[in-house]
$ cat coords00.cif   # mmCIF, C-alpha atoms
data_work
#
loop_
_atom_site.group_PDB
_atom_site.id
_atom_site.type_symbol
_atom_site.label_atom_id
_atom_site.label_comp_id
_atom_site.auth_asym_id
_atom_site.auth_seq_id
_atom_site.Cartn_x
_atom_site.Cartn_y
_atom_site.Cartn_z
ATOM 1 C CA MET A 1 0.000 0.000 0.000
ATOM 2 C CA SER A 2 1.382 3.415 -0.968
ATOM 3 C CA LEU A 3 1.858 6.051 1.712
ATOM 4 C CA LEU A 4 3.280 8.785 -0.537
ATOM 5 C CA ARG A 5 2.089 9.263 -4.112
ATOM 6 C CA VAL A 6 3.627 11.798 -6.489
ATOM 7 C CA GLN A 7 2.394 12.210 -10.052
ATOM 8 C CA ASP A 8 3.533 14.476 -12.892
ATOM 9 C CA LEU A 9 5.131 16.903 -10.431
ATOM 10 C CA ALA A 10 6.893 19.959 -11.859
ATOM 11 C CA LEU A 11 8.657 22.975 -10.402
ATOM 12 C CA ARG A 12 9.721 25.989 -12.422
ATOM 13 C CA PHE A 13 11.276 29.312 -11.497
ATOM 14 C CA GLY A 14 10.462 31.544 -14.449
ATOM 15 C CA GLU A 15 12.367 30.066 -17.389
ATOM 16 C CA VAL A 16 14.341 27.656 -15.203
ATOM 17 C CA THR A 17 12.945 24.160 -14.680
ATOM 18 C CA ALA A 18 14.017 22.468 -11.458
ATOM 19 C CA PHE A 19 12.211 19.243 -12.365
ATOM 20 C CA GLU A 20 9.206 18.084 -14.374
ATOM 21 C CA ASP A 21 7.054 15.009 -14.994
ATOM 22 C CA VAL A 22 8.271 13.378 -11.772
ATOM 23 C CA SER A 23 6.096 10.450 -10.684
ATOM 24 C CA PHE A 24 6.734 7.814 -8.012
ATOM 25 C CA GLU A 25 5.191 6.110 -4.997
ATOM 26 C CA VAL A 26 6.599 5.131 -1.621
ATOM 27 C CA GLY A 27 4.971 2.155 0.059
ATOM 28 C CA GLU A 28 4.219 1.831 3.762
ATOM 29 C CA GLY A 29 7.440 0.883 5.521
ATOM 30 C CA GLU A 30 9.578 1.296 2.385
ATOM 31 C CA LEU A 31 12.907 3.094 2.081
ATOM 32 C CA LEU A 32 13.172 4.821 -1.295
ATOM 33 C CA ALA A 33 16.364 6.710 -2.141
ATOM 34 C CA VAL A 34 16.510 9.615 -4.597
ATOM 35 C CA ILE A 35 19.867 10.020 -6.291
ATOM 36 C CA GLY A 36 21.333 11.943 -9.200
ATOM 37 C CA PRO A 37 24.274 14.141 -10.214
ATOM 38 C CA ASN A 38 24.605 17.655 -8.825
ATOM 39 C CA GLY A 39 21.852 19.871 -10.200
ATOM 40 C CA ALA A 40 19.543 16.938 -10.951
ATOM 41 C CA GLY A 41 16.630 18.390 -8.950
ATOM 42 C CA LYS A 42 16.838 16.253 -5.797
ATOM 43 C CA THR A 43 16.839 19.072 -3.233
ATOM 44 C CA SER A 44 14.161 20.956 -5.143
ATOM 45 C CA LEU A 45 11.983 17.836 -5.025
ATOM 46 C CA PHE A 46 12.477 17.570 -1.259
ATOM 47 C CA ASN A 47 11.643 21.251 -0.866
ATOM 48 C CA ALA A 48 8.439 20.771 -2.843
ATOM 49 C CA LEU A 49 7.405 17.776 -0.754
ATOM 50 C CA SER A 50 8.088 19.667 2.478
ATOM 51 C CA ARG A 51 6.221 22.745 1.175
ATOM 52 C CA VAL A 52 9.223 25.053 1.065
ATOM 53 C CA TYR A 53 8.357 25.477 -2.631
ATOM 54 C CA ARG A 54 4.960 25.322 -4.281
ATOM 55 C CA PRO A 55 5.005 22.946 -7.262
ATOM 56 C CA THR A 56 4.040 24.398 -10.630
ATOM 57 C CA ALA A 57 2.070 21.304 -11.642
ATOM 58 C CA GLY A 58 1.232 17.785 -10.537
ATOM 59 C CA ILE A 59 -0.087 16.127 -7.394
ATOM 60 C CA MET A 60 1.426 14.786 -4.180
ATOM 61 C CA TRP A 61 -0.557 12.899 -1.566
ATOM 62 C CA LEU A 62 0.383 11.472 1.824
ATOM 63 C CA GLY A 63 -2.329 8.941 2.499
ATOM 64 C CA ASP A 64 -5.571 10.947 2.262
ATOM 65 C CA HIS A 65 -3.839 14.316 2.605
ATOM 66 C CA ASP A 66 -3.236 16.544 -0.410
ATOM 67 C CA LEU A 67 0.190 18.003 0.379
ATOM 68 C CA ARG A 68 -0.279 20.854 -2.086
ATOM 69 C CA SER A 69 -3.131 22.205 0.049
ATOM 70 C CA LEU A 70 -1.047 22.328 3.230
ATOM 71 C CA ARG A 71 1.448 24.791 4.657
ATOM 72 C CA ALA A 72 4.874 23.658 5.829
ATOM 73 C CA SER A 73 3.791 24.255 9.433
ATOM 74 C CA GLN A 74 0.981 21.704 9.038
ATOM 75 C CA LEU A 75 3.130 18.785 7.880
ATOM 76 C CA ALA A 76 4.162 17.630 11.349
ATOM 77 C CA GLY A 77 0.491 17.264 12.246
ATOM 78 C CA ILE A 78 -0.076 14.731 9.443
ATOM 79 C CA GLY A 79 3.104 12.802 10.175
ATOM 80 C CA VAL A 80 5.902 14.270 8.034
ATOM 81 C CA ALA A 81 9.341 14.946 9.532
ATOM 82 C CA ARG A 82 12.470 16.165 7.761
ATOM 83 C CA THR A 83 16.167 16.495 8.450
ATOM 84 C CA PHE A 84 18.338 19.023 6.628
ATOM 85 C CA GLN A 85 21.727 18.652 4.986
ATOM 86 C CA ASN A 86 22.964 21.872 6.615
ATOM 87 C CA LEU A 87 21.201 21.182 9.935
ATOM 88 C CA GLY A 88 18.404 23.212 11.488
ATOM 89 C CA LEU A 89 19.367 23.160 15.151
ATOM 90 C CA PHE A 90 19.225 25.890 17.810
ATOM 91 C CA ALA A 91 22.873 26.236 18.788
ATOM 92 C CA HIS A 92 22.297 27.913 22.170
ATOM 93 C CA LEU A 93 19.841 25.241 23.386
ATOM 94 C CA SER A 94 20.748 21.896 24.904
ATOM 95 C CA VAL A 95 20.562 18.614 23.022
ATOM 96 C CA LEU A 96 17.404 17.634 24.924
ATOM 97 C CA GLU A 97 15.754 21.009 24.321
ATOM 98 C CA ASN A 98 16.433 20.736 20.589
ATOM 99 C CA VAL A 99 14.830 17.299 20.472
ATOM 100 C CA LEU A 100 11.848 18.441 22.570
ATOM 101 C CA ILE A 101 11.096 21.091 19.933
ATOM 102 C CA GLY A 102 10.217 18.213 17.619
ATOM 103 C CA ARG A 103 7.303 17.314 19.900
ATOM 104 C CA HIS A 104 5.770 20.790 19.949
ATOM 105 C CA HIS A 105 2.858 19.728 17.712
ATOM 106 C CA LEU A 106 2.022 16.945 20.191
ATOM 107 C CA MET A 107 1.888 19.195 23.259
ATOM 108 C CA ARG A 108 -1.529 20.188 24.621
ATOM 109 C CA ALA A 109 -0.911 21.952 27.955
ATOM 110 C CA GLY A 110 -0.637 25.494 26.636
ATOM 111 C CA THR A 111 1.749 28.246 27.714
ATOM 112 C CA LEU A 112 0.039 29.216 30.991
ATOM 113 C CA ARG A 113 -0.392 25.749 32.449
ATOM 114 C CA ALA A 114 3.055 24.690 31.278
ATOM 115 C CA GLY A 115 4.588 27.752 32.931
ATOM 116 C CA LEU A 116 2.834 27.075 36.218
ATOM 117 C CA TRP A 117 3.724 23.363 36.154
ATOM 118 C CA TRP A 118 0.252 22.265 37.239
ATOM 119 C CA GLY A 119 -1.125 18.722 37.088
ATOM 120 C CA PHE A 120 -1.647 17.911 33.432
ATOM 121 C CA ALA A 121 1.170 20.199 32.294
ATOM 122 C CA ALA A 122 3.656 18.501 34.623
ATOM 123 C CA ARG A 123 2.596 15.036 33.482
ATOM 124 C CA GLU A 124 2.780 16.063 29.849
ATOM 125 C CA GLU A 125 6.248 17.556 30.317
ATOM 126 C CA ARG A 126 7.492 14.299 31.849
ATOM 127 C CA LEU A 127 5.936 12.325 28.994
ATOM 128 C CA HIS A 128 7.554 14.409 26.275
ATOM 129 C CA ARG A 129 10.928 14.485 27.998
ATOM 130 C CA GLY A 130 10.752 10.711 28.252
ATOM 131 C CA LYS A 131 9.985 10.382 24.545
ATOM 132 C CA ALA A 132 12.824 12.766 23.685
ATOM 133 C CA MET A 133 15.247 10.732 25.790
ATOM 134 C CA GLU A 134 14.108 7.540 24.033
ATOM 135 C CA ALA A 135 14.992 9.124 20.691
ATOM 136 C CA LEU A 136 18.392 10.198 22.026
ATOM 137 C CA GLU A 137 19.018 6.680 23.283
ATOM 138 C CA LEU A 138 18.117 5.281 19.871
ATOM 139 C CA VAL A 139 20.720 7.459 18.147
ATOM 140 C CA GLY A 140 23.286 6.765 20.896
ATOM 141 C CA ILE A 141 23.718 10.175 22.512
ATOM 142 C CA SER A 142 21.427 10.186 25.560
ATOM 143 C CA GLN A 143 24.456 10.917 27.759
ATOM 144 C CA LEU A 144 24.789 14.290 25.980
ATOM 145 C CA ALA A 145 21.231 15.477 26.709
ATOM 146 C CA ALA A 146 22.303 18.450 28.838
ATOM 147 C CA ARG A 147 25.111 19.604 26.559
ATOM 148 C CA PRO A 148 24.630 22.770 24.461
ATOM 149 C CA VAL A 149 24.346 21.698 20.826
ATOM 150 C CA GLN A 150 26.945 24.236 19.749
ATOM 151 C CA THR A 151 29.613 22.372 21.755
ATOM 152 C CA LEU A 152 29.131 19.128 19.806
ATOM 153 C CA PRO A 153 31.069 18.116 16.697
ATOM 154 C CA TYR A 154 29.198 18.067 13.397
ATOM 155 C CA GLY A 155 28.682 14.311 13.345
ATOM 156 C CA LEU A 156 26.936 14.326 16.719
ATOM 157 C CA GLN A 157 24.817 17.311 15.702
ATOM 158 C CA LYS A 158 23.596 15.177 12.789
ATOM 159 C CA ARG A 159 22.404 12.630 15.339
ATOM 160 C CA VAL A 160 20.602 15.320 17.328
ATOM 161 C CA GLU A 161 18.691 16.344 14.235
ATOM 162 C CA LEU A 162 17.793 12.734 13.466
ATOM 163 C CA ALA A 163 16.574 12.277 17.055
ATOM 164 C CA ARG A 164 14.434 15.406 16.776
ATOM 165 C CA ALA A 165 12.837 14.098 13.583
ATOM 166 C CA LEU A 166 12.160 10.700 15.151
ATOM 167 C CA THR A 167 10.588 12.142 18.293
ATOM 168 C CA MET A 168 8.005 13.846 16.060
ATOM 169 C CA GLU A 169 6.517 10.333 15.612
ATOM 170 C CA PRO A 170 6.378 10.650 11.809
ATOM 171 C CA ARG A 171 4.671 8.406 9.298
ATOM 172 C CA LEU A 172 7.112 9.634 6.644
ATOM 173 C CA LEU A 173 10.715 10.659 7.332
ATOM 174 C CA LEU A 174 12.483 12.808 4.736
ATOM 175 C CA LEU A 175 16.231 12.354 5.176
ATOM 176 C CA ASP A 176 18.312 14.984 3.375
ATOM 177 C CA GLU A 177 21.888 13.713 2.883
ATOM 178 C CA PRO A 178 22.361 12.254 6.380
ATOM 179 C CA VAL A 179 26.009 11.250 5.791
ATOM 180 C CA ALA A 180 27.121 14.434 3.995
ATOM 181 C CA GLY A 181 30.221 15.931 5.610
ATOM 182 C CA LEU A 182 30.935 12.892 7.799
ATOM 183 C CA GLY A 183 34.152 10.899 8.028
ATOM 184 C CA ALA A 184 34.284 7.238 7.028
ATOM 185 C CA GLY A 185 33.606 5.919 10.529
ATOM 186 C CA GLU A 186 30.749 8.354 11.109
ATOM 187 C CA ARG A 187 29.223 7.482 7.720
ATOM 188 C CA SER A 188 29.223 3.822 8.653
ATOM 189 C CA GLU A 189 27.591 4.547 12.017
ATOM 190 C CA MET A 190 24.928 6.793 10.462
ATOM 191 C CA THR A 191 24.223 4.158 7.816
ATOM 192 C CA ASP A 192 23.629 1.628 10.588
ATOM 193 C CA LEU A 193 21.352 4.109 12.382
ATOM 194 C CA VAL A 194 19.240 4.668 9.276
ATOM 195 C CA ARG A 195 18.994 0.908 8.820
ATOM 196 C CA GLN A 196 17.861 0.508 12.451
ATOM 197 C CA VAL A 197 15.260 3.256 12.128
ATOM 198 C CA HIS A 198 13.874 1.716 8.957
ATOM 199 C CA ALA A 199 13.746 -1.722 10.603
ATOM 200 C CA ARG A 200 11.278 -0.264 13.126
ATOM 201 C CA GLY A 201 8.770 0.070 10.279
ATOM 202 C CA LEU A 202 9.217 3.751 9.444
ATOM 203 C CA THR A 203 8.686 4.898 5.857
ATOM 204 C CA ILE A 204 11.725 6.825 4.627
ATOM 205 C CA LEU A 205 12.448 8.961 1.572
ATOM 206 C CA LEU A 206 16.202 9.511 1.371
ATOM 207 C CA VAL A 207 18.257 11.944 -0.715
ATOM 208 C CA GLU A 208 21.933 11.061 -0.650
ATOM 209 C CA HIS A 209 25.115 11.412 -2.741
ATOM 210 C CA ASP A 210 26.991 8.568 -1.039
ATOM 211 C CA MET A 211 26.219 5.604 -3.291
ATOM 212 C CA GLY A 212 27.761 3.123 -0.880
ATOM 213 C CA MET A 213 25.284 4.192 1.778
ATOM 214 C CA VAL A 214 22.346 4.181 -0.648
ATOM 215 C CA MET A 215 23.078 0.691 -1.931
ATOM 216 C CA GLN A 216 23.225 -0.621 1.642
ATOM 217 C CA VAL A 217 19.919 0.774 2.902
ATOM 218 C CA ALA A 218 17.566 1.430 -0.036
ATOM 219 C CA GLN A 219 14.930 -1.010 -1.221
ATOM 220 C CA ARG A 220 14.339 1.004 -4.373
ATOM 221 C CA VAL A 221 16.226 3.869 -5.976
ATOM 222 C CA LEU A 222 14.801 6.752 -8.019
ATOM 223 C CA VAL A 223 17.319 8.481 -10.298
ATOM 224 C CA LEU A 224 16.921 12.102 -11.423
ATOM 225 C CA ASP A 225 18.942 13.871 -14.073
ATOM 226 C CA TYR A 226 18.223 17.204 -15.744
ATOM 227 C CA GLY A 227 15.092 17.375 -13.583
ATOM 228 C CA ARG A 228 13.593 14.169 -14.984
ATOM 229 C CA VAL A 229 13.281 10.586 -13.776
ATOM 230 C CA ILE A 230 15.666 8.429 -15.790
ATOM 231 C CA ALA A 231 15.385 5.198 -13.768
ATOM 232 C CA CYS A 232 13.597 3.617 -10.824
ATOM 233 C CA GLY A 233 14.172 0.133 -9.476
ATOM 234 C CA SER A 234 16.170 -1.980 -7.093
ATOM 235 C CA PRO A 235 19.744 -0.901 -6.301
ATOM 236 C CA ALA A 236 21.083 -3.643 -8.569
ATOM 237 C CA GLU A 237 18.818 -2.624 -11.441
ATOM 238 C CA VAL A 238 19.781 1.020 -11.141
ATOM 239 C CA GLN A 239 23.496 0.242 -10.951
ATOM 240 C CA GLY A 240 23.254 -1.640 -14.231
ATOM 241 C CA ASP A 241 21.174 0.976 -16.078
ATOM 242 C CA GLU A 242 23.203 2.461 -18.949
ATOM 243 C CA GLN A 243 21.491 5.847 -18.750
ATOM 244 C CA VAL A 244 22.307 6.103 -15.042
ATOM 245 C CA VAL A 245 25.921 5.151 -15.677
ATOM 246 C CA ARG A 246 26.206 7.829 -18.376
ATOM 247 C CA ALA A 247 24.700 10.460 -16.051
ATOM 248 C CA TYR A 248 27.185 9.700 -13.284
ATOM 249 C CA LEU A 249 30.098 9.600 -15.706
ATOM 250 C CA GLY A 250 29.197 13.142 -16.736
ATOM 251 C CA GLN A 251 28.156 12.385 -20.310
ATOM 252 C CA GLU A 252 25.483 14.789 -21.428
ATOM 253 C CA LEU A 253 21.865 13.786 -21.789
ATOM 254 C CA ALA A 254 19.282 15.803 -23.675
ATOM 255 C CA GLY A 255 18.405 19.234 -22.286
ATOM 256 C CA PRO A 256 20.014 21.864 -20.021
ATOM 257 C CA ARG A 257 21.117 21.039 -16.475
ATOM 258 C CA ALA A 258 18.257 21.558 -14.016
ATOM 259 C CA ALA A 259 18.449 23.676 -10.879
ATOM 260 C CA GLY A 260 18.746 22.204 -7.373
#
$ encode --input "coords00.cif" --output "structure tokens"
Amino acid sequence: MSLLRVQDLALRFGEVTAFEDVSFEVGEGELLAVIGPNGAGKTSLFNALSRVYRPTAGIMWLGDHDLRSLRASQLAGIGVARTFQNLGLFAHLSVLENVLIGRHHLMRAGTLRAGLWWGFAAREERLHRGKAMEALELVGISQLAARPVQTLPYGLQKRVELARALTMEPRLLLLDEPVAGLGAGERSEMTDLVRQVHARGLTILLVEHDMGMVMQVAQRVLVLDYGRVIACGSPAEVQGDEQVVRAYLGQELAGPRAAG
């Protein structure tokens, strides 16, 4: 059963086409990776799905929800979480506080009751802190909960962002280049983390440049080039596709290089 359905999606900025005629589905519990050379349209596609950009044409549905009709601020409420390649953390807050922000849409106490620490607000605070700590334990950094995020190295900050996304209790997790900028050991550890998260039944859409990581975790791979889908299949099928090989070797395909 498909959780995410995208059909004939297009995004244009004036005369520049980021991508067009993009169609794919992501099944419940599936991990689909989106790959392609620089400028293929991968980030633009993620930005359209997460409502940073408004698509020019096409449809995108998460279950019964029309994503085109929603604002970015409403996505958490229907079960969409996203990480960012360049991180989106609050440097002056602690690790735990950053992760707790991911649960904001699940909090019901309100500012007054939360501030006074009465009954329901106190119980809710304990609940959400517990859930945040569970996410930190899953990514292996619960011992750093009180540390200011800005004091952590980049690789650990990546884990904080993953924990924040997980504590949102998403139906769909959008992972934007989770191993970008990491050393070999950190890439291996993050790859294992993504595999563990997926094994818990979470549906994941992954954008990543590291082909070693993609081939280890993805069940299917969607390949973009010049803003168009040129292949979609199992990792083995995609690796053997001549058009994909040409794209990654830098040989030109028809049309100008897309943006994003």
$ atom_distance --input "coords00.cif" --atom1 "atom CA of Phe46 of chain A" --atom2 "atom CA of Pro148 of chain A"
28.9 Å
$ resolve_selection --input "coords00.cif" --expression "the PyMOL selection byres ((chain A and resi 175-180) around 9)" --output "number ranges by chain"
A: 43, 46, 81-86, 155, 158-159, 162, 173-174, 181-183, 186-188, 190-191, 194, 204-210, 213
$ write_last_selection --input "coords00.cif" --atoms "C-alpha atoms" --output "mmCIF file, keeping the file's coordinate frame"
data_model
loop_
_atom_site.group_PDB
_atom_site.id
_atom_site.type_symbol
_atom_site.label_atom_id
_atom_site.label_comp_id
_atom_site.auth_asym_id
_atom_site.auth_seq_id
_atom_site.Cartn_x
_atom_site.Cartn_y
_atom_site.Cartn_z
ATOM 1 C CA THR A 43 16.839 19.072 -3.233
ATOM 2 C CA PHE A 46 12.477 17.570 -1.259
ATOM 3 C CA ALA A 81 9.341 14.946 9.532
ATOM 4 C CA ARG A 82 12.470 16.165 7.761
ATOM 5 C CA THR A 83 16.167 16.495 8.450
ATOM 6 C CA PHE A 84 18.338 19.023 6.628
ATOM 7 C CA GLN A 85 21.727 18.652 4.986
ATOM 8 C CA ASN A 86 22.964 21.872 6.615
ATOM 9 C CA GLY A 155 28.682 14.311 13.345
ATOM 10 C CA LYS A 158 23.596 15.177 12.789
ATOM 11 C CA ARG A 159 22.404 12.630 15.339
ATOM 12 C CA LEU A 162 17.793 12.734 13.466
ATOM 13 C CA LEU A 173 10.715 10.659 7.332
ATOM 14 C CA LEU A 174 12.483 12.808 4.736
ATOM 15 C CA GLY A 181 30.221 15.931 5.610
ATOM 16 C CA LEU A 182 30.935 12.892 7.799
ATOM 17 C CA GLY A 183 34.152 10.899 8.028
ATOM 18 C CA GLU A 186 30.749 8.354 11.109
ATOM 19 C CA ARG A 187 29.223 7.482 7.720
ATOM 20 C CA SER A 188 29.223 3.822 8.653
ATOM 21 C CA MET A 190 24.928 6.793 10.462
ATOM 22 C CA THR A 191 24.223 4.158 7.816
ATOM 23 C CA VAL A 194 19.240 4.668 9.276
ATOM 24 C CA ILE A 204 11.725 6.825 4.627
ATOM 25 C CA LEU A 205 12.448 8.961 1.572
ATOM 26 C CA LEU A 206 16.202 9.511 1.371
ATOM 27 C CA VAL A 207 18.257 11.944 -0.715
ATOM 28 C CA GLU A 208 21.933 11.061 -0.650
ATOM 29 C CA HIS A 209 25.115 11.412 -2.741
ATOM 30 C CA ASP A 210 26.991 8.568 -1.039
ATOM 31 C CA MET A 213 25.284 4.192 1.778
#
$ closest_residue --input "coords00.cif" --among "A:Val245, A:Asp66, A:His104, A:Val221" --to "Glu30 of chain A" --atoms "all atoms listed in the file"
A:Val221
$ closest_residue --input "coords00.cif" --among "A:Arg171, A:Arg147, A:Arg54, A:His92" --to "Leu75 of chain A" --atoms "all atoms listed in the file"
A:Arg171
$ resolve_selection --input "coords00.cif" --expression "the PyMOL selection byres ((chain A and resi 217-220) around 8)" --output "list in words"
Glu30, Leu31, Leu32, Ala33, Thr191, Val194, Arg195, Met213, Val214, Met215, Gln216, Val221, Leu222, Cys232, Gly233, Ser234 and Pro235 of chain A
$ write_last_selection --input "coords00.cif" --atoms "C-alpha atoms" --output "compact mmCIF listing (two decimals), keeping the file's coordinate frame"
# COMPACT_ATOMS: atom_id res chain seq x y z
CA GLU A 30 9.58 1.30 2.38
CA LEU A 31 12.91 3.09 2.08
CA LEU A 32 13.17 4.82 -1.30
CA ALA A 33 16.36 6.71 -2.14
CA THR A 191 24.22 4.16 7.82
CA VAL A 194 19.24 4.67 9.28
CA ARG A 195 18.99 0.91 8.82
CA MET A 213 25.28 4.19 1.78
CA VAL A 214 22.35 4.18 -0.65
CA MET A 215 23.08 0.69 -1.93
CA GLN A 216 23.22 -0.62 1.64
CA VAL A 221 16.23 3.87 -5.98
CA LEU A 222 14.80 6.75 -8.02
CA CYS A 232 13.60 3.62 -10.82
CA GLY A 233 14.17 0.13 -9.48
CA SER A 234 16.17 -1.98 -7.09
CA PRO A 235 19.74 -0.90 -6.30
$ closest_residue --input "coords00.cif" --among "A:Val80, A:Leu152, A:Val139, A:Ala163" --to "Leu96 of chain A" --atoms "only C-alpha atoms"
A:Ala163
$ atom_distance --input "coords00.cif" --atom1 "atom CA of Gly63 of chain A" --atom2 "atom CA of Arg103 of chain A"
21.6 Å
$ atom_distance --input "coords00.cif" --atom1 "atom CA of Leu89 of chain A" --atom2 "atom CA of Ala76 of chain A"
16.6 Å
$ build_atoms --input "coords00.cif" --residues "segment 90-105 of chain A" --atoms "N, CA and C atoms" --output "CSV table (one decimal), in the coordinates of the input"
chain,number,residue,atom,x,y,z
A,90,PHE,N,19.1,24.7,17.1
A,90,PHE,CA,19.2,25.9,17.8
A,90,PHE,C,20.5,25.8,18.7
A,91,ALA,N,21.5,26.4,18.2
A,91,ALA,CA,22.9,26.2,18.8
A,91,ALA,C,22.9,26.5,20.3
A,92,HIS,N,22.2,27.5,20.8
A,92,HIS,CA,22.3,27.9,22.2
A,92,HIS,C,21.5,27.0,23.1
A,93,LEU,N,20.6,26.1,22.5
A,93,LEU,CA,19.8,25.2,23.4
A,93,LEU,C,20.6,23.9,23.6
A,94,SER,N,20.1,23.2,24.6
A,94,SER,CA,20.7,21.9,24.9
A,94,SER,C,20.3,20.9,23.9
A,95,VAL,N,21.0,19.7,23.9
A,95,VAL,CA,20.6,18.6,23.0
A,95,VAL,C,19.1,18.2,23.3
A,96,LEU,N,18.8,18.0,24.6
A,96,LEU,CA,17.4,17.6,24.9
A,96,LEU,C,16.4,18.7,24.5
A,97,GLU,N,16.7,19.9,24.7
A,97,GLU,CA,15.8,21.0,24.3
A,97,GLU,C,15.5,21.0,22.8
A,98,ASN,N,16.6,20.8,22.0
A,98,ASN,CA,16.4,20.7,20.6
A,98,ASN,C,15.5,19.6,20.2
A,99,VAL,N,15.7,18.5,20.8
A,99,VAL,CA,14.8,17.3,20.5
A,99,VAL,C,13.4,17.5,20.9
A,100,LEU,N,13.2,18.2,22.1
A,100,LEU,CA,11.8,18.4,22.6
A,100,LEU,C,11.1,19.3,21.6
A,101,ILE,N,11.8,20.2,20.9
A,101,ILE,CA,11.1,21.1,19.9
A,101,ILE,C,10.4,20.3,18.9
A,102,GLY,N,10.9,19.1,18.6
A,102,GLY,CA,10.2,18.2,17.6
A,102,GLY,C,8.9,17.7,18.1
A,103,ARG,N,8.6,17.8,19.4
A,103,ARG,CA,7.3,17.3,19.9
A,103,ARG,C,6.3,18.4,20.1
A,104,HIS,N,6.6,19.6,19.7
A,104,HIS,CA,5.8,20.8,19.9
A,104,HIS,C,4.3,20.6,19.5
A,105,HIS,N,4.2,19.9,18.3
A,105,HIS,CA,2.9,19.7,17.7
A,105,HIS,C,2.0,18.7,18.5
